[in-house]
$ cat protein_16.tsv   # TSV, C-alpha atoms
chain	number	residue	atom	x	y	z
A	1	VAL	CA	-27.04	1.80	-6.24
A	2	GLU	CA	-23.33	1.07	-6.40
A	3	GLU	CA	-24.07	-2.47	-7.54
A	4	LEU	CA	-26.31	-1.28	-10.36
A	5	GLN	CA	-23.61	1.15	-11.44
A	6	GLY	CA	-21.13	-1.69	-11.73
A	7	SER	CA	-19.07	-1.20	-8.59
A	8	ILE	CA	-19.45	-4.30	-6.45
A	9	PRO	CA	-16.44	-3.41	-4.23
A	10	ASN	CA	-18.06	-0.06	-3.46
A	11	ALA	CA	-21.39	-1.79	-2.78
A	12	ILE	CA	-19.62	-4.12	-0.34
A	13	ARG	CA	-17.99	-1.13	1.32
A	14	ASP	CA	-21.33	0.65	1.68
A	15	LEU	CA	-23.07	-2.41	3.12
A	16	ASN	CA	-20.25	-2.90	5.62
A	17	ARG	CA	-20.52	0.75	6.59
A	18	ALA	CA	-24.28	0.44	7.06
A	19	ILE	CA	-23.75	-2.53	9.37
A	20	ARG	CA	-21.12	-0.66	11.38
A	21	LEU	CA	-23.57	2.22	11.76
A	22	GLY	CA	-26.20	-0.08	13.21
A	23	ASP	CA	-28.10	-1.69	10.33
A	24	GLN	CA	-28.89	-5.19	11.62
A	25	ASN	CA	-31.43	-6.14	8.96
A	26	ILE	CA	-30.78	-9.74	7.99
A	27	ARG	CA	-31.40	-8.82	4.34
A	28	THR	CA	-28.43	-6.49	4.49
A	29	TYR	CA	-26.24	-9.38	5.59
A	30	GLU	CA	-27.68	-11.61	2.87
A	31	ARG	CA	-26.89	-9.07	0.16
A	32	LEU	CA	-23.41	-8.54	1.57
A	33	ALA	CA	-22.84	-12.29	1.57
A	34	ASP	CA	-23.94	-12.58	-2.07
A	35	LEU	CA	-21.60	-9.81	-3.19
A	36	MET	CA	-18.67	-11.19	-1.22
A	37	VAL	CA	-19.18	-14.57	-2.84
A	38	VAL	CA	-19.20	-12.93	-6.27
A	39	GLN	CA	-15.90	-11.22	-5.40
A	40	GLY	CA	-14.46	-14.38	-3.88
A	41	GLN	CA	-13.94	-12.75	-0.48
A	42	TRP	CA	-14.22	-16.04	1.40
A	43	ALA	CA	-12.10	-15.11	4.43
A	44	GLU	CA	-14.01	-11.87	5.04
A	45	LEU	CA	-17.33	-13.63	4.57
A	46	SER	CA	-16.35	-16.35	7.02
A	47	GLY	CA	-15.55	-13.66	9.60
A	48	ILE	CA	-18.98	-12.08	9.17
A	49	ILE	CA	-20.72	-15.45	9.51
A	50	ASP	CA	-18.76	-16.12	12.69
A	51	ARG	CA	-19.72	-12.75	14.18
A	52	LEU	CA	-23.41	-13.36	13.44
A	53	GLY	CA	-23.37	-16.54	15.51
A	54	ASP	CA	-26.83	-18.01	16.10
A	55	ARG	CA	-28.45	-15.22	14.10
A	56	VAL	CA	-27.32	-17.03	10.96
A	57	ASN	CA	-30.12	-19.51	11.57
A	58	LYS	CA	-32.72	-16.77	10.99
A	59	SER	CA	-31.84	-16.81	7.29
A	60	GLN	CA	-31.93	-19.88	5.11
A	61	ARG	CA	-29.57	-18.10	2.74
A	62	LEU	CA	-26.96	-17.34	5.39
A	63	SER	CA	-27.36	-20.80	6.88
A	64	SER	CA	-26.54	-22.29	3.49
A	65	VAL	CA	-23.51	-20.05	3.17
A	66	ALA	CA	-22.31	-21.07	6.62
A	67	ILE	CA	-22.73	-24.75	5.81
A	68	SER	CA	-20.91	-24.37	2.52
A	69	LEU	CA	-18.05	-22.49	4.14
A	70	SER	CA	-17.72	-25.16	6.79
A	71	LYS	CA	-17.65	-27.88	4.13
A	72	LYS	CA	-15.10	-26.00	2.07
A	73	ASN	CA	-15.86	-28.13	-0.96
A	74	GLN	CA	-16.76	-27.21	-4.51
A	75	GLN	CA	-19.87	-29.36	-4.68
A	76	GLY	CA	-21.31	-27.64	-1.63
A	77	MET	CA	-20.67	-24.25	-3.18
A	78	LEU	CA	-22.25	-25.34	-6.44
A	79	GLU	CA	-25.37	-26.56	-4.65
A	80	LEU	CA	-25.52	-23.31	-2.71
A	81	ALA	CA	-25.24	-21.22	-5.89
A	82	LYS	CA	-27.94	-23.27	-7.61
A	83	SER	CA	-30.24	-22.88	-4.62
A	84	GLY	CA	-29.81	-19.13	-4.94
A	85	THR	CA	-31.38	-19.19	-8.39
A	86	GLU	CA	-34.26	-21.30	-7.04
A	87	PHE	CA	-34.97	-19.05	-4.06
A	88	ARG	CA	-34.52	-15.81	-6.06
A	89	PRO	CA	-35.19	-16.66	-9.71
A	90	ARG	CA	-35.68	-12.98	-10.62
A	91	ASP	CA	-32.44	-11.85	-9.00
A	92	PRO	CA	-29.88	-11.45	-11.81
A	93	MET	CA	-26.93	-11.58	-9.41
A	94	ALA	CA	-28.03	-15.03	-8.23
A	95	TRP	CA	-27.61	-16.24	-11.83
A	96	VAL	CA	-24.29	-14.44	-12.12
A	97	TRP	CA	-23.00	-16.19	-9.02
A	98	PHE	CA	-24.25	-19.54	-10.30
A	99	GLY	CA	-22.40	-18.99	-13.56
A	100	GLN	CA	-19.20	-17.98	-11.78
A	101	VAL	CA	-19.29	-21.03	-9.52
A	102	LEU	CA	-19.93	-23.30	-12.52
A	103	GLU	CA	-16.83	-21.93	-14.21
A	104	SER	CA	-14.74	-22.21	-11.06
A	105	VAL	CA	-15.77	-25.81	-10.36
A	106	SER	CA	-15.09	-26.82	-13.96
A	107	ARG	CA	-11.41	-25.91	-13.83
A	108	GLY	CA	-10.25	-29.26	-12.54
A	109	GLN	CA	-12.49	-31.33	-14.79
A	110	PRO	CA	-11.64	-33.13	-18.06
A	111	GLU	CA	-11.75	-30.78	-21.05
A	112	ALA	CA	-15.01	-32.10	-22.52
A	113	GLN	CA	-16.77	-31.81	-19.18
A	114	ARG	CA	-15.29	-28.36	-18.56
A	115	GLN	CA	-16.59	-27.12	-21.90
A	116	ALA	CA	-20.06	-28.41	-21.06
A	117	GLU	CA	-19.97	-26.57	-17.72
A	118	LEU	CA	-18.75	-23.40	-19.42
A	119	VAL	CA	-21.81	-23.54	-21.69
A	120	LYS	CA	-24.01	-23.75	-18.59
A	121	ALA	CA	-22.11	-20.85	-17.00
A	122	GLU	CA	-22.65	-18.74	-20.10
A	123	GLU	CA	-26.36	-19.64	-20.14
A	124	ALA	CA	-26.65	-18.49	-16.52
A	125	MET	CA	-25.03	-15.17	-17.42
A	126	PHE	CA	-27.40	-14.68	-20.34
A	127	LYS	CA	-30.30	-15.39	-17.99
A	128	ALA	CA	-29.00	-12.62	-15.74
A	129	ARG	CA	-28.79	-10.25	-18.70
A	130	GLU	CA	-32.34	-11.11	-19.70
A	131	ILE	CA	-33.71	-10.42	-16.21
A	132	SER	CA	-31.82	-7.13	-15.93
A	133	ALA	CA	-32.70	-6.07	-19.48
A	134	ASP	CA	-28.99	-5.33	-20.01
A	135	LYS	CA	-29.10	-2.51	-17.46
A	136	SER	CA	-26.55	-3.96	-15.04
A	137	LEU	CA	-22.81	-3.39	-15.42
A	138	PRO	CA	-21.88	-6.11	-12.90
A	139	ILE	CA	-23.35	-8.68	-15.28
A	140	PHE	CA	-21.29	-7.40	-18.20
A	141	ASN	CA	-18.25	-7.43	-15.87
A	142	ALA	CA	-18.97	-11.03	-14.97
A	143	MET	CA	-19.41	-12.11	-18.59
A	144	PHE	CA	-16.22	-10.32	-19.61
A	145	SER	CA	-14.33	-12.12	-16.82
A	146	LEU	CA	-15.79	-15.46	-17.97
A	147	TYR	CA	-14.79	-14.95	-21.59
A	148	PHE	CA	-11.43	-13.36	-20.75
A	149	SER	CA	-10.39	-16.15	-18.39
A	150	THR	CA	-11.35	-18.76	-20.99
A	151	LYS	CA	-9.75	-16.82	-23.89
A	152	GLN	CA	-12.97	-16.49	-25.91
A	153	ILE	CA	-11.98	-13.28	-27.68
A	154	ASP	CA	-14.68	-13.53	-30.36
A	155	LYS	CA	-17.35	-13.61	-27.67
A	156	ILE	CA	-15.69	-10.68	-25.90
A	157	ASP	CA	-15.96	-8.62	-29.07
A	158	ALA	CA	-19.68	-9.42	-29.35
A	159	LEU	CA	-20.14	-8.61	-25.66
A	160	LEU	CA	-18.48	-5.21	-26.05
A	161	ILE	CA	-20.76	-4.36	-28.95
A	162	ASP	CA	-23.76	-5.30	-26.80
A	163	LEU	CA	-22.45	-3.18	-23.94
A	164	GLN	CA	-22.06	-0.16	-26.22
A	165	LYS	CA	-25.75	-0.51	-27.15
A	166	ALA	CA	-26.94	-1.27	-23.61
A	167	PRO	CA	-29.28	1.19	-21.82
A	168	ILE	CA	-26.69	1.98	-19.12
A	169	GLU	CA	-25.65	5.42	-17.95
A	170	SER	CA	-23.03	6.72	-20.40
A	171	VAL	CA	-20.20	7.61	-18.01
A	172	SER	CA	-20.24	4.31	-16.13
A	173	LYS	CA	-20.55	2.38	-19.38
A	174	ASN	CA	-17.61	4.08	-21.04
A	175	ILE	CA	-15.42	3.71	-17.96
A	176	ALA	CA	-16.22	-0.01	-17.94
A	177	LEU	CA	-15.45	-0.23	-21.66
A	178	ALA	CA	-12.12	1.48	-21.06
A	179	GLY	CA	-11.23	-1.11	-18.44
A	180	PHE	CA	-12.16	-3.95	-20.79
A	181	PHE	CA	-10.17	-2.47	-23.69
A	182	GLN	CA	-7.16	-1.97	-21.42
A	183	ALA	CA	-7.32	-5.60	-20.28
A	184	LEU	CA	-7.27	-6.55	-23.97
A	185	ASP	CA	-4.29	-4.22	-24.55
A	186	ARG	CA	-6.37	-2.06	-26.88
A	187	MET	CA	-5.02	1.11	-25.37
A	188	GLU	CA	-6.20	3.62	-27.95
A	189	LEU	CA	-9.78	2.34	-27.70
A	190	ALA	CA	-9.49	2.53	-23.91
A	191	LYS	CA	-8.41	6.17	-24.15
A	192	GLN	CA	-11.24	6.98	-26.55
A	193	ALA	CA	-13.75	5.45	-24.14
A	194	LEU	CA	-12.42	7.54	-21.26
A	195	LEU	CA	-12.53	10.71	-23.35
A	196	GLU	CA	-16.14	9.89	-24.20
A	197	ALA	CA	-16.90	9.35	-20.51
A	198	ARG	CA	-15.34	12.70	-19.67
A	199	LYS	CA	-17.71	14.57	-21.97
A	200	SER	CA	-20.72	13.98	-19.73
A	201	SER	CA	-19.07	13.19	-16.40
A	202	LYS	CA	-19.95	15.32	-13.39
A	203	GLU	CA	-16.47	14.50	-12.08
A	204	PRO	CA	-14.10	15.14	-15.01
A	205	ASN	CA	-11.09	15.21	-12.67
A	206	ALA	CA	-11.75	11.60	-11.69
A	207	VAL	CA	-11.84	10.61	-15.36
A	208	ASP	CA	-8.62	12.53	-15.98
A	209	GLU	CA	-6.98	10.44	-13.25
A	210	ARG	CA	-8.01	7.31	-15.11
A	211	ILE	CA	-6.56	8.72	-18.32
A	212	ALA	CA	-3.31	9.50	-16.51
A	213	ARG	CA	-3.09	5.95	-15.15
A	214	LEU	CA	-3.81	4.56	-18.62
A	215	LEU	CA	-1.02	6.65	-20.11
A	216	LEU	CA	1.34	5.46	-17.38
A	217	ALA	CA	0.44	1.85	-18.18
A	218	GLN	CA	1.53	2.59	-21.75
A	219	GLY	CA	4.86	3.92	-20.53
A	220	LYS	CA	3.91	7.52	-21.34
A	221	GLN	CA	5.28	8.89	-18.08
A	222	ASP	CA	5.66	12.52	-19.13
A	223	GLU	CA	2.09	12.75	-20.43
A	224	SER	CA	0.78	11.14	-17.27
A	225	ILE	CA	2.72	13.56	-15.08
A	226	ALA	CA	1.40	16.50	-17.09
A	227	ILE	CA	-2.18	15.45	-16.36
A	228	TYR	CA	-1.43	14.95	-12.67
A	229	LYS	CA	0.19	18.39	-12.54
A	230	SER	CA	-2.99	19.89	-13.94
A	231	LEU	CA	-5.06	17.95	-11.41
A	232	PHE	CA	-2.79	19.00	-8.55
A	233	ASP	CA	-2.97	22.65	-9.59
A	234	LYS	CA	-6.77	22.43	-9.36
A	235	GLN	CA	-7.03	20.39	-6.17
A	236	SER	CA	-3.77	20.55	-4.23
A	237	GLN	CA	-5.49	19.54	-0.99
A	238	ASP	CA	-6.68	16.23	-2.44
A	239	ALA	CA	-4.29	13.82	-0.73
A	240	GLY	CA	-4.73	11.08	-3.33
A	241	VAL	CA	-3.93	13.36	-6.25
A	242	ARG	CA	-1.03	14.96	-4.40
A	243	GLN	CA	0.54	11.65	-3.42
A	244	ALA	CA	0.16	10.18	-6.91
A	245	TYR	CA	1.74	13.29	-8.43
A	246	VAL	CA	4.63	13.23	-5.96
A	247	THR	CA	5.21	9.51	-6.59
A	248	LEU	CA	5.39	10.05	-10.35
A	249	LEU	CA	7.73	13.02	-9.98
A	250	ALA	CA	10.05	10.94	-7.79
A	251	ALA	CA	9.93	8.06	-10.26
A	252	ARG	CA	11.07	10.35	-13.07
A	253	GLY	CA	13.56	11.83	-10.64
A	254	THR	CA	15.06	14.87	-12.33
A	255	ASP	CA	16.49	17.65	-10.17
A	256	GLU	CA	13.51	19.78	-11.18
A	257	ASP	CA	11.12	17.01	-10.11
A	258	TRP	CA	12.66	16.85	-6.63
A	259	GLU	CA	12.52	20.64	-6.39
A	260	SER	CA	8.81	20.43	-7.22
A	261	ILE	CA	8.33	17.84	-4.46
A	262	ASP	CA	10.11	20.07	-1.96
A	263	GLN	CA	7.89	22.95	-3.02
A	264	ILE	CA	4.74	20.86	-2.58
A	265	TYR	CA	5.68	20.01	0.98
A	266	LYS	CA	6.26	23.61	1.97
A	267	ASP	CA	2.50	23.57	2.45
A	268	GLU	CA	2.09	22.76	6.16
A	269	LYS	CA	-1.14	20.82	5.74
A	270	ALA	CA	0.43	18.53	3.17
A	271	ALA	CA	3.68	18.21	5.10
A	272	ASP	CA	1.85	17.29	8.32
A	273	ASN	CA	-0.29	14.59	6.73
A	274	ALA	CA	0.85	11.23	8.14
A	275	ASP	CA	0.49	9.36	4.85
A	276	ASP	CA	2.44	12.07	3.04
A	277	ARG	CA	5.24	11.76	5.59
A	278	ARG	CA	5.30	8.00	5.05
A	279	LEU	CA	5.40	8.49	1.30
A	280	ARG	CA	8.14	11.10	1.43
A	281	ALA	CA	10.25	8.89	3.69
A	282	GLU	CA	9.87	5.96	1.30
A	283	LEU	CA	10.71	8.00	-1.78
A	284	LEU	CA	13.70	9.66	-0.13
A	285	ALA	CA	14.97	6.28	1.06
A	286	ARG	CA	14.80	5.00	-2.51
A	287	ARG	CA	16.78	7.98	-3.74
A	288	GLY	CA	19.31	7.13	-1.07
A	289	GLN	CA	21.58	10.16	-0.89
A	290	GLN	CA	22.91	11.09	2.54
A	291	LYS	CA	20.65	14.13	2.89
A	292	ASP	CA	17.68	12.05	1.71
A	293	LEU	CA	18.25	9.39	4.34
A	294	ALA	CA	18.62	12.05	7.02
A	295	MET	CA	15.26	13.56	6.06
A	296	ALA	CA	13.64	10.11	5.86
A	297	GLN	CA	14.87	9.43	9.39
A	298	TYR	CA	13.41	12.71	10.63
A	299	LEU	CA	10.03	12.02	9.01
A	300	LEU	CA	9.79	8.49	10.37
A	301	GLU	CA	10.84	9.59	13.85
A	302	SER	CA	8.03	12.14	13.83
A	303	LEU	CA	5.59	9.33	13.05
A	304	VAL	CA	6.92	6.84	15.60
A	305	GLU	CA	6.92	9.46	18.35
A	306	ASP	CA	3.17	10.04	17.91
A	307	PRO	CA	1.18	7.13	19.44
A	308	LYS	CA	-2.00	8.30	17.70
A	309	ILE	CA	-0.71	7.73	14.18
A	310	ARG	CA	2.29	5.38	14.32
A	311	ASN	CA	2.11	1.79	13.15
A	312	ASP	CA	4.49	-1.16	13.17
A	313	GLN	CA	5.62	-0.54	9.62
A	314	ASP	CA	6.73	2.96	10.62
A	315	ARG	CA	8.98	1.41	13.28
A	316	PHE	CA	10.34	-1.17	10.86
A	317	ARG	CA	11.17	1.43	8.23
A	318	LEU	CA	12.77	3.66	10.84
A	319	ALA	CA	14.96	0.80	12.05
A	320	SER	CA	16.03	0.14	8.45
A	321	ILE	CA	16.90	3.81	7.97
A	322	TYR	CA	18.90	3.86	11.22
A	323	ILE	CA	20.92	0.89	9.97
A	324	ARG	CA	21.54	2.48	6.56
A	325	ASN	CA	22.57	5.77	8.15
A	326	ALA	CA	24.88	3.93	10.56
A	327	ASN	CA	26.54	2.07	7.70
A	328	MET	CA	27.00	5.31	5.78
A	329	ALA	CA	28.48	7.05	8.83
A	330	GLU	CA	30.84	4.12	9.46
A	331	ILE	CA	32.14	4.27	5.89
A	332	GLN	CA	33.03	7.92	6.38
A	333	ASP	CA	34.50	7.47	9.87
A	334	ALA	CA	34.67	4.08	11.60
A	335	ASP	CA	35.15	5.76	15.00
A	336	ASN	CA	32.17	8.06	14.66
A	337	PRO	CA	30.16	7.70	17.92
A	338	GLN	CA	26.98	8.27	15.93
A	339	VAL	CA	27.34	4.77	14.48
A	340	LYS	CA	26.72	3.10	17.85
A	341	GLN	CA	23.89	5.51	18.62
A	342	LEU	CA	22.12	4.75	15.35
A	343	LEU	CA	22.55	0.99	15.73
A	344	ALA	CA	21.27	1.14	19.30
A	345	ALA	CA	18.22	3.07	18.08
A	346	ALA	CA	17.63	0.47	15.35
A	347	GLY	CA	17.89	-2.36	17.87
A	348	LYS	CA	15.38	-0.65	20.15
A	349	GLN	CA	12.78	-0.36	17.38
A	350	LEU	CA	13.28	-3.96	16.23
A	351	ALA	CA	13.05	-5.24	19.81
A	352	ILE	CA	9.71	-3.48	20.26
A	353	LEU	CA	8.43	-4.98	17.01
A	354	CYS	CA	9.42	-8.49	18.06
A	355	ARG	CA	7.49	-8.51	21.32
A	356	GLY	CA	4.37	-10.61	21.54
A	357	ALA	CA	3.19	-13.99	20.34
A	358	GLN	CA	2.39	-13.32	16.68
A	359	VAL	CA	5.28	-11.38	15.20
A	360	PRO	CA	5.55	-11.18	11.38
A	361	SER	CA	8.42	-13.31	10.11
A	362	GLN	CA	9.92	-10.31	8.29
A	363	TYR	CA	10.48	-8.54	11.61
A	364	LEU	CA	11.92	-11.64	13.30
A	365	TYR	CA	14.36	-12.39	10.48
A	366	THR	CA	15.49	-8.77	10.27
A	367	TYR	CA	16.05	-8.57	14.04
A	368	ALA	CA	17.91	-11.90	14.10
A	369	ASP	CA	20.13	-10.79	11.22
A	370	PHE	CA	20.73	-7.47	13.00
A	371	LEU	CA	21.79	-9.22	16.21
A	372	ILE	CA	24.10	-11.55	14.30
A	373	GLN	CA	25.72	-8.59	12.56
A	374	GLN	CA	26.27	-7.00	15.98
A	375	ASP	CA	27.79	-10.26	17.31
A	376	ARG	CA	25.08	-10.39	19.95
A	377	ILE	CA	23.94	-13.91	19.05
A	378	VAL	CA	25.66	-16.81	17.35

$ encode --input "protein_16.tsv" --output "C-alpha cells"
Amino acid sequence: VEELQGSIPNAIRDLNRAIRLGDQNIRTYERLADLMVVQGQWAELSGIIDRLGDRVNKSQRLSSVAISLSKKNQQGMLELAKSGTEFRPRDPMAWVWFGQVLESVSRGQPEAQRQAELVKAEEAMFKAREISADKSLPIFNAMFSLYFSTKQIDKIDALLIDLQKAPIESVSKNIALAGFFQALDRMELAKQALLEARKSSKEPNAVDERIARLLLAQGKQDESIAIYKSLFDKQSQDAGVRQAYVTLLAARGTDEDWESIDQIYKDEKAADNADDRRLRAELLARRGQQKDLAMAQYLLESLVEDPKIRNDQDRFRLASIYIRNANMAEIQDADNPQVKQLLAAAGKQLAILCRGAQVPSQYLYTYADFLIQQDRIV
C-alpha cells in the first residue's frame, strides 16, 4: 500500500517490520530486495542477504541479487535488472529499476553512448507507466529523478502535467507535486500544491508541517514558527512537533523565544522525554551562556546516569560540556577547585568512550587532545 501511495521508504520500513514480527515468506524478502535496490540501499541489502544464508537459494531473484552484490560490478547489476523485467514483465517496478540501472551505468560512458542509454532508461519508465496505467506515484518519482538528474527540464514540465491528470489519490499527488516544485525552486507552486492537498487531507496537521518546512526553506522563519505554534497548541504531546517548534524558537533566539521554551518544558512529560533532554542540552550549549551550560550539564548528566536510555553521544556531549564549564570557571578564578573536578569528570567520560576495539575516531582524537592539554601525554 505504501509503495502504491508513493512512499518507498515507508514500504521498506513496513516490510522490515513484518520480517521482524515473524514473516518469513520468501516473497516478502524479494519485494524488500527490489525496493532497496530502487533506493540504492546496497549495504542494508547485503546485510539481509547475509542473514538469509542458504535460504537465498530458494529464490532465483534473491540468488541473482546475491551474485550481483558479490560481483560488485555494473554489468552484473544491469543483467540482474534486465532479468527482472523478463521474470516479471507485468511488474512496473521491475521496469523502473531497469531504467534506473541503465541511467546509473551510463554515467561513465562517452556522451553519445550515454544519451542512447538514457533513451532506453526513459523507455523503461514509460513501460512502467503503461503497465500501472499512471496510478503509481513511485514511477512518477523515478521519472522525475531521471529527468532532474539529467537536467531535462522540458520533459519535467510535461511529466508534471501528466501527473496532475493522473488517476492518483489527490492528497498524495499534490504532496508529490509540492516536492517536485520545491526541487525546481518553484516555491509558490509548491505552496499551492500543499494547500490543495490540505483541502481533502484526513491529516491536515501533517500537511501544515510540510507548509511550515517549505516556508522555512524560503527563509520565512517567522511564518514557519507561527504555523508550528498553532500545531503545538493543538498537539503539545506530539514529540516531533514539540521538538521542531523548540528548535525553531531557539534558532530565532529572542528572549521571548527562550521564555517560551522554558514554559514548554515546565510540562513534566515533555521535560522527562529523553530526546527532549538531548535537544535542550544541544540548544543550550549553542547559546553558550554560563547558566545555559550549567543546565546542559544537568540534562546530560541525567541521561548518562540512566543505563536504560544513555548512549555514547550523550557521554561525548557531557564531556564537552564539562570541558567548556571548566574553561569558563578557570577564566573567572584560576584556583577554583571546581576546574579540576570538571576536567576529571570529562576525562572519565572520554576514557569510557575510548574503551574497546572499534572506537570512533572523533572520540579518540578528542581524548588524545584532552590528555595533551592536561600534560598527561606528550

$ residues_around --input "protein_16.tsv" --residues "region 95-102 of chain A" --least-positions-apart "6" --cutoff "12 Å" --atoms "all atoms listed in the file" --output "PyMOL selection string"
chain A and resi 33-40+73-89+108-109+113-132+136-147+149

$ axis_aligned_box --input "protein_16.tsv" --around "region 177-184 of chain A" --padding-each-side "6 Å" --output "JSON"
{"center_x": -11.3, "center_y": -2.5, "center_z": -21.2, "size_x": 20.3, "size_y": 20.0, "size_z": 17.5}

$ atom_distance --input "protein_16.tsv" --atom1 "CA of Ser59 (chain A)" --atom2 "CA of Ile8 (chain A)"
22.3 Å

$ residues_around --input "protein_16.tsv" --residues "Arg287 (chain A)" --least-positions-apart "6" --cutoff "10 Å" --atoms "only C-alpha atoms" --output "ChimeraX atom specification"
/A:250-251,253,281,293

$ closest_residue --input "protein_16.tsv" --among "A:Glu256, A:Asp14, A:Glu30, A:Glu301" --to "Ser64 (chain A)" --atoms "all atoms listed in the file"
A:Glu30

$ closest_residue --input "protein_16.tsv" --among "A:Cys354, A:Ala183, A:Leu62, A:Val171" --to "Leu195 (chain A)" --atoms "only C-alpha atoms"
A:Val171

$ residues_around --input "protein_16.tsv" --residues "region 339-342 of chain A" --least-positions-apart "6" --cutoff "7 Å" --atoms "all atoms listed in the file" --output "number ranges by chain"
A: 322-323, 326, 329-330

$ residues_around --input "protein_16.tsv" --residues "region 209-211 of chain A" --least-positions-apart "5" --cutoff "8 Å" --atoms "only C-alpha atoms" --output "PyMOL selection string"
chain A and resi 191+194+224+227-228+231

$ write_last_selection --input "protein_16.tsv" --atoms "C-alpha atoms" --output "CSV table (one decimal), in the frame of the given file"
chain,number,residue,atom,x,y,z
A,191,LYS,CA,-8.4,6.2,-24.2
A,194,LEU,CA,-12.4,7.5,-21.3
A,224,SER,CA,0.8,11.1,-17.3
A,227,ILE,CA,-2.2,15.4,-16.4
A,228,TYR,CA,-1.4,15.0,-12.7
A,231,LEU,CA,-5.1,18.0,-11.4

$ residues_around --input "protein_16.tsv" --residues "region 303-319 of chain A" --least-positions-apart "4" --cutoff "7 Å" --atoms "only C-alpha atoms" --output "list in words"
Gln297, Leu299, Ile323, Ala346, Gln349, Leu350 and Leu353 of chain A

$ atom_distance --input "protein_16.tsv" --atom1 "CA of Ile321 (chain A)" --atom2 "CA of Asp275 (chain A)"
17.6 Å

$ atom_distance --input "protein_16.tsv" --atom1 "CA of Asp208 (chain A)" --atom2 "CA of Glu223 (chain A)"
11.6 Å

$ closest_residue --input "protein_16.tsv" --among "A:Thr247, A:Asn273, A:Gln289, A:Gln358" --to "Ser260 (chain A)" --atoms "all atoms listed in the file"
A:Thr247
